[in-house]
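Q: So I've got this file, final_27.csv, and it contains CSV, N, CA, C and O atoms:
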chain,number,residue,atom,x,y,z
A,283,MET,N,5.0,1.5,-49.7
A,283,MET,CA,5.8,2.2,-48.8
A,283,MET,C,7.1,1.5,-48.6
A,283,MET,O,7.2,0.3,-48.3
A,284,ALA,N,8.2,2.2,-48.7
A,284,ALA,CA,9.6,1.6,-48.6
A,284,ALA,C,10.0,1.6,-47.1
A,284,ALA,O,9.5,2.5,-46.3
A,285,ILE,N,10.8,0.7,-46.7
A,285,ILE,CA,11.3,0.6,-45.4
A,285,ILE,C,12.7,1.3,-45.4
A,285,ILE,O,13.3,1.4,-46.5
A,286,LEU,N,13.2,1.6,-44.2
A,286,LEU,CA,14.4,2.4,-44.1
A,286,LEU,C,15.6,1.9,-44.9
A,286,LEU,O,16.2,2.6,-45.7
A,287,HIS,N,15.9,0.6,-44.8
A,287,HIS,CA,17.1,0.1,-45.5
A,287,HIS,C,16.9,0.2,-47.0
A,287,HIS,O,17.9,0.4,-47.7
A,288,GLU,N,15.7,0.1,-47.5
A,288,GLU,CA,15.5,0.2,-48.9
A,288,GLU,C,15.8,1.7,-49.4
A,288,GLU,O,16.4,1.9,-50.4
A,289,LEU,N,15.3,2.6,-48.6
A,289,LEU,CA,15.6,4.0,-48.9
A,289,LEU,C,17.1,4.3,-48.9
A,289,LEU,O,17.6,5.0,-49.7
A,290,VAL,N,17.8,3.8,-47.9
A,290,VAL,CA,19.2,4.0,-47.8
A,290,VAL,C,20.0,3.4,-49.0
A,290,VAL,O,20.8,4.1,-49.6
A,291,TYR,N,19.6,2.2,-49.4
A,291,TYR,CA,20.2,1.6,-50.5
A,291,TYR,C,19.9,2.3,-51.8
A,291,TYR,O,20.8,2.4,-52.7
A,292,ARG,N,18.7,2.8,-52.0
A,292,ARG,CA,18.4,3.6,-53.2
A,292,ARG,C,19.2,4.8,-53.2
A,292,ARG,O,19.7,5.2,-54.3
A,293,GLN,N,19.3,5.5,-52.1
A,293,GLN,CA,20.1,6.7,-52.1
A,293,GLN,C,21.6,6.4,-52.4
A,293,GLN,O,22.3,7.1,-53.1
A,294,ALA,N,22.1,5.3,-51.9
A,294,ALA,CA,23.5,4.9,-52.1
A,294,ALA,C,23.7,4.6,-53.6
A,294,ALA,O,24.7,4.9,-54.2
A,295,ALA,N,22.7,4.1,-54.3
A,295,ALA,CA,22.8,3.8,-55.7
A,295,ALA,C,22.9,5.2,-56.5
A,295,ALA,O,23.6,5.3,-57.5
A,296,ARG,N,22.1,6.2,-56.0
A,296,ARG,CA,22.1,7.5,-56.7
A,296,ARG,C,23.4,8.3,-56.4
A,296,ARG,O,23.9,9.0,-57.3
A,297,THR,N,23.8,8.3,-55.1
A,297,THR,CA,24.9,9.2,-54.7
A,297,THR,C,25.8,8.4,-53.7
A,297,THR,O,25.9,8.7,-52.5
A,298,PRO,N,26.6,7.4,-54.2
A,298,PRO,CA,27.4,6.6,-53.3
A,298,PRO,C,28.4,7.4,-52.5
A,298,PRO,O,28.8,6.9,-51.4
A,299,ASP,N,28.9,8.5,-53.0
A,299,ASP,CA,30.0,9.2,-52.4
A,299,ASP,C,29.5,10.4,-51.5
A,299,ASP,O,30.3,11.1,-50.9
A,300,ALA,N,28.2,10.5,-51.4
A,300,ALA,CA,27.7,11.6,-50.6
A,300,ALA,C,27.7,11.2,-49.1
A,300,ALA,O,27.7,10.0,-48.8
A,301,VAL,N,27.9,12.1,-48.3
A,301,VAL,CA,27.9,11.8,-46.8
A,301,VAL,C,26.6,11.4,-46.3
A,301,VAL,O,25.6,12.1,-46.5
A,302,ALA,N,26.5,10.2,-45.7
A,302,ALA,CA,25.2,9.7,-45.1
A,302,ALA,C,25.1,10.1,-43.7
A,302,ALA,O,24.1,10.4,-43.2
A,303,VAL,N,26.3,10.0,-43.0
A,303,VAL,CA,26.3,10.1,-41.5
A,303,VAL,C,27.6,10.8,-41.1
A,303,VAL,O,28.6,10.5,-41.7
A,304,THR,N,27.5,11.7,-40.2
A,304,THR,CA,28.7,12.4,-39.6
A,304,THR,C,28.5,12.2,-38.1
A,304,THR,O,27.5,12.5,-37.5
A,305,THR,N,29.6,11.6,-37.5
A,305,THR,CA,29.6,11.4,-36.1
A,305,THR,C,31.0,11.6,-35.5
A,305,THR,O,31.9,11.1,-36.2
A,306,ALA,N,31.2,12.3,-34.4
A,306,ALA,CA,32.5,12.5,-33.8
A,306,ALA,C,33.5,13.0,-34.9
A,306,ALA,O,34.6,12.6,-34.9
A,307,GLY,N,33.0,13.8,-35.8
A,307,GLY,CA,33.9,14.4,-36.8
A,307,GLY,C,34.3,13.5,-37.9
A,307,GLY,O,35.1,13.9,-38.7
A,308,VAL,N,33.6,12.4,-38.0
A,308,VAL,CA,33.9,11.4,-39.1
A,308,VAL,C,32.8,11.3,-40.0
A,308,VAL,O,31.6,11.1,-39.6
A,309,ASP,N,33.0,11.5,-41.3
A,309,ASP,CA,32.0,11.4,-42.3
A,309,ASP,C,32.0,9.9,-42.9
A,309,ASP,O,33.0,9.4,-43.1
A,310,VAL,N,30.8,9.4,-43.0
A,310,VAL,CA,30.6,8.1,-43.6
A,310,VAL,C,29.7,8.2,-44.8
A,310,VAL,O,28.6,8.8,-44.7
A,311,THR,N,30.2,7.8,-46.0
A,311,THR,CA,29.4,7.9,-47.2
A,311,THR,C,28.4,6.8,-47.3
A,311,THR,O,28.4,5.8,-46.5
A,312,TYR,N,27.4,7.0,-48.2
A,312,TYR,CA,26.4,6.0,-48.4
A,312,TYR,C,27.0,4.7,-48.8
A,312,TYR,O,26.6,3.6,-48.4
A,313,ARG,N,28.1,4.7,-49.6
A,313,ARG,CA,28.8,3.5,-50.1
A,313,ARG,C,29.3,2.7,-48.8
A,313,ARG,O,29.1,1.5,-48.7
A,314,GLU,N,30.0,3.5,-48.0
A,314,GLU,CA,30.6,2.9,-46.8
A,314,GLU,C,29.5,2.4,-45.8
A,314,GLU,O,29.7,1.3,-45.2
A,315,LEU,N,28.5,3.2,-45.6
A,315,LEU,CA,27.4,2.8,-44.8
A,315,LEU,C,26.8,1.4,-45.2
A,315,LEU,O,26.6,0.5,-44.4
A,316,CYS,N,26.5,1.3,-46.5
A,316,CYS,CA,26.0,0.0,-47.0
A,316,CYS,C,27.0,-1.1,-46.9
A,316,CYS,O,26.6,-2.2,-46.6
A,317,ARG,N,28.3,-0.8,-47.1
A,317,ARG,CA,29.3,-1.9,-46.9
A,317,ARG,C,29.3,-2.4,-45.5
A,317,ARG,O,29.3,-3.6,-45.2
A,318,ARG,N,29.2,-1.4,-44.6
A,318,ARG,CA,29.2,-1.8,-43.1
A,318,ARG,C,28.0,-2.6,-42.8
A,318,ARG,O,28.0,-3.6,-42.0
A,319,ALA,N,26.8,-2.1,-43.3
A,319,ALA,CA,25.6,-2.8,-43.0
A,319,ALA,C,25.6,-4.2,-43.6
A,319,ALA,O,25.1,-5.2,-42.9
A,320,ASP,N,26.1,-4.4,-44.8
A,320,ASP,CA,26.2,-5.7,-45.4
A,320,ASP,C,27.1,-6.6,-44.5
A,320,ASP,O,26.8,-7.8,-44.4
A,321,HIS,N,28.2,-6.1,-44.0
A,321,HIS,CA,29.1,-6.8,-43.2
A,321,HIS,C,28.4,-7.3,-41.9
A,321,HIS,O,28.6,-8.5,-41.5
A,322,VAL,N,27.7,-6.4,-41.2
A,322,VAL,CA,27.0,-6.8,-40.0
A,322,VAL,C,25.9,-7.9,-40.3
A,322,VAL,O,25.8,-8.8,-39.6
A,323,ALA,N,25.2,-7.7,-41.4
A,323,ALA,CA,24.1,-8.6,-41.8
A,323,ALA,C,24.7,-10.0,-42.1
A,323,ALA,O,24.2,-11.1,-41.7
A,324,ALA,N,25.9,-10.1,-42.8
A,324,ALA,CA,26.5,-11.3,-43.1
A,324,ALA,C,27.0,-12.0,-41.8
A,324,ALA,O,26.8,-13.2,-41.6
A,325,ARG,N,27.5,-11.2,-40.9
A,325,ARG,CA,28.0,-11.8,-39.6
A,325,ARG,C,26.8,-12.4,-38.8
A,325,ARG,O,26.9,-13.5,-38.3
A,326,LEU,N,25.7,-11.7,-38.8
A,326,LEU,CA,24.5,-12.1,-38.1
A,326,LEU,C,24.0,-13.4,-38.7
A,326,LEU,O,23.6,-14.4,-38.0
A,327,ARG,N,24.0,-13.5,-40.1
A,327,ARG,CA,23.5,-14.7,-40.7
A,327,ARG,C,24.4,-15.9,-40.4
A,327,ARG,O,24.0,-17.0,-40.2
A,328,ARG,N,25.7,-15.7,-40.3
A,328,ARG,CA,26.7,-16.7,-40.0
A,328,ARG,C,26.4,-17.2,-38.6
A,328,ARG,O,26.7,-18.4,-38.2
A,329,LEU,N,26.0,-16.3,-37.7
A,329,LEU,CA,25.7,-16.7,-36.3
A,329,LEU,C,24.3,-17.3,-36.1
A,329,LEU,O,23.9,-17.6,-35.0
A,330,GLY,N,23.6,-17.4,-37.2
A,330,GLY,CA,22.3,-18.1,-37.2
A,330,GLY,C,21.0,-17.2,-37.2
A,330,GLY,O,19.9,-17.7,-37.2
A,331,ALA,N,21.2,-15.9,-37.4
A,331,ALA,CA,20.1,-15.0,-37.5
A,331,ALA,C,19.4,-15.2,-38.8
A,331,ALA,O,20.1,-15.5,-39.8
A,332,GLY,N,18.2,-15.0,-38.9
A,332,GLY,CA,17.4,-15.1,-40.1
A,332,GLY,C,16.1,-14.4,-40.0
A,332,GLY,O,15.8,-13.8,-39.0
A,333,PRO,N,15.2,-14.5,-41.0
A,333,PRO,CA,13.9,-14.0,-40.9
A,333,PRO,C,13.2,-14.4,-39.6
A,333,PRO,O,13.3,-15.6,-39.3
A,334,GLU,N,12.5,-13.5,-39.0
A,334,GLU,CA,11.8,-13.8,-37.8
A,334,GLU,C,12.7,-14.1,-36.6
A,334,GLU,O,12.2,-14.5,-35.5
A,335,SER,N,14.0,-13.9,-36.7
A,335,SER,CA,14.9,-14.1,-35.6
A,335,SER,C,15.0,-12.8,-34.8
A,335,SER,O,15.1,-11.7,-35.3
A,336,LEU,N,15.0,-12.9,-33.5
A,336,LEU,CA,15.2,-11.8,-32.6
A,336,LEU,C,16.7,-11.7,-32.3
A,336,LEU,O,17.3,-12.7,-31.9
A,337,VAL,N,17.3,-10.6,-32.6
A,337,VAL,CA,18.7,-10.4,-32.4
A,337,VAL,C,19.0,-9.2,-31.5
A,337,VAL,O,18.1,-8.3,-31.4
I need this file expressed as C-alpha cells, please.
A:
Amino acid sequence: MAILHELVYRQAARTPDAVAVTTAGVDVTYRELCRRADHVAARLRRLGAGPESLV
C-alpha cells in the first residue's frame, strides 16, 4: 500500500504539468507541488527534523 506522498510523486512523474490543486483561483501543477514539498522538507531537515521527529 502506497502512502500519500508516494502517490503524489508518482502522479507528478506521469503528468507533471497537470493541475494538482486549485485554491483561491490559483492552479498548482504536480511539478510545482512537488517542488514546494521538497523545499519545505529541506527546510525542516536543516532545522533538525528527521525520522521519528514531531514537527
Q: Taking only N, CA, C and O atoms into account, name the residue in A:Leu329, A:Thr297, A:Val337, A:Ala284 that is nearest to Arg313 in chain A.
A: A:Thr297
Q: Record the distance separating atom C of Glu334 in chain A and CA of Cys316 in chain A, expressed in Å with one decimal.
A: 22.0 Å
Q: Would you list the contacts of range 299-312 of chain A as a VMD selection string, taking every protein, DNA or RNA residue within 7 Å and counting only N, CA, C and O atoms, but skipping same-chain residues closer than 6 positions in sequence?
A: chain A and resid 290 293 318
Q: Quick one: distance from atom C of Arg328 in chain A to atom O of His287 in chain A in Å, one decimal?
A: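 Atom O of His287 in chain A lies 21.6 Å from atom C of Arg328 in chain A.
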Q: Distance CA of Ala324 in chain A-CA of Leu336 in chain A, one decimal place?
A: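 According to the coordinates, CA of Ala324 in chain A and CA of Leu336 in chain A are separated by 15.4 Å.
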Q: What are the DSSP alpha helix (DSSP H) residues of chain A, as a PyMOL selection string?
A: chain A and resi 286-296+312-328
Q: Enumerate as a PyMOL selection string all residues of chain A assigned to strand (DSSP E or B) by DSSP on the backbone, naming them with the chain letters and numbers the document uses.
A: chain A and resi 301-305+308-311
Q: Write the residues you've just listed into a file as a PDB file, in the coordinates of the input, and include N, CA, C and O atoms for each of them.
A:
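This is the output file part28.pdb:
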ATOM      1  N   VAL A 301      27.900  12.100 -48.300  1.00  0.00           N
ATOM      2  CA  VAL A 301      27.900  11.800 -46.800  1.00  0.00           C
ATOM      3  C   VAL A 301      26.600  11.400 -46.300  1.00  0.00           C
ATOM      4  O   VAL A 301      25.600  12.100 -46.500  1.00  0.00           O
ATOM      5  N   ALA A 302      26.500  10.200 -45.700  1.00  0.00           N
ATOM      6  CA  ALA A 302      25.200   9.700 -45.100  1.00  0.00           C
ATOM      7  C   ALA A 302      25.100  10.100 -43.700  1.00  0.00           C
ATOM      8  O   ALA A 302      24.100  10.400 -43.200  1.00  0.00           O
ATOM      9  N   VAL A 303      26.300  10.000 -43.000  1.00  0.00           N
ATOM     10  CA  VAL A 303      26.300  10.100 -41.500  1.00  0.00           C
ATOM     11  C   VAL A 303      27.600  10.800 -41.100  1.00  0.00           C
ATOM     12  O   VAL A 303      28.600  10.500 -41.700  1.00  0.00           O
ATOM     13  N   THR A 304      27.500  11.700 -40.200  1.00  0.00           N
ATOM     14  CA  THR A 304      28.700  12.400 -39.600  1.00  0.00           C
ATOM     15  C   THR A 304      28.500  12.200 -38.100  1.00  0.00           C
ATOM     16  O   THR A 304      27.500  12.500 -37.500  1.00  0.00           O
ATOM     17  N   THR A 305      29.600  11.600 -37.500  1.00  0.00           N
ATOM     18  CA  THR A 305      29.600  11.400 -36.100  1.00  0.00           C
ATOM     19  C   THR A 305      31.000  11.600 -35.500  1.00  0.00           C
ATOM     20  O   THR A 305      31.900  11.100 -36.200  1.00  0.00           O
ATOM     21  N   VAL A 308      33.600  12.400 -38.000  1.00  0.00           N
ATOM     22  CA  VAL A 308      33.900  11.400 -39.100  1.00  0.00           C
ATOM     23  C   VAL A 308      32.800  11.300 -40.000  1.00  0.00           C
ATOM     24  O   VAL A 308      31.600  11.100 -39.600  1.00  0.00           O
ATOM     25  N   ASP A 309      33.000  11.500 -41.300  1.00  0.00           N
ATOM     26  CA  ASP A 309      32.000  11.400 -42.300  1.00  0.00           C
ATOM     27  C   ASP A 309      32.000   9.900 -42.900  1.00  0.00           C
ATOM     28  O   ASP A 309      33.000   9.400 -43.100  1.00  0.00           O
ATOM     29  N   VAL A 310      30.800   9.400 -43.000  1.00  0.00           N
ATOM     30  CA  VAL A 310      30.600   8.100 -43.600  1.00  0.00           C
ATOM     31  C   VAL A 310      29.700   8.200 -44.800  1.00  0.00           C
ATOM     32  O   VAL A 310      28.600   8.800 -44.700  1.00  0.00           O
ATOM     33  N   THR A 311      30.200   7.800 -46.000  1.00  0.00           N
ATOM     34  CA  THR A 311      29.400   7.900 -47.200  1.00  0.00           C
ATOM     35  C   THR A 311      28.400   6.800 -47.300  1.00  0.00           C
ATOM     36  O   THR A 311      28.400   5.800 -46.500  1.00  0.00           O
TER      37      THR A 311
END
Q: Rebuild all heavy atoms on range 323-334 of chain A, as a JSON list (two decimals), in the frame of the given file?
A:
[["chain", "number", "residue", "atom", "x", "y", "z"],
["A", 323, "ALA", "N", 25.20, -7.70, -41.40],
["A", 323, "ALA", "CA", 24.10, -8.60, -41.80],
["A", 323, "ALA", "C", 24.70, -10.00, -42.10],
["A", 323, "ALA", "O", 24.20, -11.10, -41.70],
["A", 323, "ALA", "CB", 23.38, -8.14, -43.03],
["A", 324, "ALA", "N", 25.90, -10.10, -42.80],
["A", 324, "ALA", "CA", 26.50, -11.30, -43.10],
["A", 324, "ALA", "C", 27.00, -12.00, -41.80],
["A", 324, "ALA", "O", 26.80, -13.20, -41.60],
["A", 324, "ALA", "CB", 27.70, -11.12, -44.03],
["A", 325, "ARG", "N", 27.50, -11.20, -40.90],
["A", 325, "ARG", "CA", 28.00, -11.80, -39.60],
["A", 325, "ARG", "C", 26.80, -12.40, -38.80],
["A", 325, "ARG", "O", 26.90, -13.50, -38.30],
["A", 325, "ARG", "CB", 28.67, -10.75, -38.79],
["A", 325, "ARG", "CG", 29.04, -11.17, -37.41],
["A", 325, "ARG", "CD", 30.53, -11.31, -37.26],
["A", 325, "ARG", "NE", 30.88, -11.46, -35.86],
["A", 325, "ARG", "CZ", 31.31, -12.61, -35.36],
["A", 325, "ARG", "NH1", 31.45, -13.65, -36.13],
["A", 325, "ARG", "NH2", 31.62, -12.70, -34.09],
["A", 326, "LEU", "N", 25.70, -11.70, -38.80],
["A", 326, "LEU", "CA", 24.50, -12.10, -38.10],
["A", 326, "LEU", "C", 24.00, -13.40, -38.70],
["A", 326, "LEU", "O", 23.60, -14.40, -38.00],
["A", 326, "LEU", "CB", 23.41, -11.07, -38.08],
["A", 326, "LEU", "CG", 23.68, -9.89, -37.16],
["A", 326, "LEU", "CD1", 22.65, -8.79, -37.41],
["A", 326, "LEU", "CD2", 23.69, -10.32, -35.71],
["A", 327, "ARG", "N", 24.00, -13.50, -40.10],
["A", 327, "ARG", "CA", 23.50, -14.70, -40.70],
["A", 327, "ARG", "C", 24.40, -15.90, -40.40],
["A", 327, "ARG", "O", 24.00, -17.00, -40.20],
["A", 327, "ARG", "CB", 23.46, -14.52, -42.25],
["A", 327, "ARG", "CG", 22.24, -13.74, -42.70],
["A", 327, "ARG", "CD", 22.06, -13.75, -44.21],
["A", 327, "ARG", "NE", 23.17, -13.15, -44.92],
["A", 327, "ARG", "CZ", 23.27, -11.87, -45.23],
["A", 327, "ARG", "NH1", 22.32, -11.03, -44.86],
["A", 327, "ARG", "NH2", 24.31, -11.41, -45.88],
["A", 328, "ARG", "N", 25.70, -15.70, -40.30],
["A", 328, "ARG", "CA", 26.70, -16.70, -40.00],
["A", 328, "ARG", "C", 26.40, -17.20, -38.60],
["A", 328, "ARG", "O", 26.70, -18.40, -38.20],
["A", 328, "ARG", "CB", 28.13, -16.26, -40.12],
["A", 328, "ARG", "CG", 28.64, -16.26, -41.53],
["A", 328, "ARG", "CD", 30.17, -16.09, -41.61],
["A", 328, "ARG", "NE", 30.65, -14.91, -40.92],
["A", 328, "ARG", "CZ", 30.74, -13.70, -41.44],
["A", 328, "ARG", "NH1", 30.34, -13.49, -42.69],
["A", 328, "ARG", "NH2", 31.21, -12.69, -40.75],
["A", 329, "LEU", "N", 26.00, -16.30, -37.70],
["A", 329, "LEU", "CA", 25.70, -16.70, -36.30],
["A", 329, "LEU", "C", 24.30, -17.30, -36.10],
["A", 329, "LEU", "O", 23.90, -17.60, -35.00],
["A", 329, "LEU", "CB", 25.85, -15.48, -35.42],
["A", 329, "LEU", "CG", 27.28, -14.95, -35.31],
["A", 329, "LEU", "CD1", 27.31, -13.63, -34.56],
["A", 329, "LEU", "CD2", 28.16, -15.97, -34.60],
["A", 330, "GLY", "N", 23.60, -17.40, -37.20],
["A", 330, "GLY", "CA", 22.30, -18.10, -37.20],
["A", 330, "GLY", "C", 21.00, -17.20, -37.20],
["A", 330, "GLY", "O", 19.90, -17.70, -37.20],
["A", 331, "ALA", "N", 21.20, -15.90, -37.40],
["A", 331, "ALA", "CA", 20.10, -15.00, -37.50],
["A", 331, "ALA", "C", 19.40, -15.20, -38.80],
["A", 331, "ALA", "O", 20.10, -15.50, -39.80],
["A", 331, "ALA", "CB", 20.49, -13.60, -37.27],
["A", 332, "GLY", "N", 18.20, -15.00, -38.90],
["A", 332, "GLY", "CA", 17.40, -15.10, -40.10],
["A", 332, "GLY", "C", 16.10, -14.40, -40.00],
["A", 332, "GLY", "O", 15.80, -13.80, -39.00],
["A", 333, "PRO", "N", 15.20, -14.50, -41.00],
["A", 333, "PRO", "CA", 13.90, -14.00, -40.90],
["A", 333, "PRO", "C", 13.20, -14.40, -39.60],
["A", 333, "PRO", "O", 13.30, -15.60, -39.30],
["A", 333, "PRO", "CB", 13.17, -14.47, -42.15],
["A", 333, "PRO", "CG", 14.28, -14.79, -43.11],
["A", 333, "PRO", "CD", 15.42, -15.25, -42.25],
["A", 334, "GLU", "N", 12.50, -13.50, -39.00],
["A", 334, "GLU", "CA", 11.80, -13.80, -37.80],
["A", 334, "GLU", "C", 12.70, -14.10, -36.60],
["A", 334, "GLU", "O", 12.20, -14.50, -35.50],
["A", 334, "GLU", "CB", 10.73, -14.90, -37.99],
["A", 334, "GLU", "CG", 9.78, -14.67, -39.15],
["A", 334, "GLU", "CD", 8.98, -13.39, -39.03],
["A", 334, "GLU", "OE1", 8.54, -13.04, -37.92],
["A", 334, "GLU", "OE2", 8.79, -12.72, -40.06]]
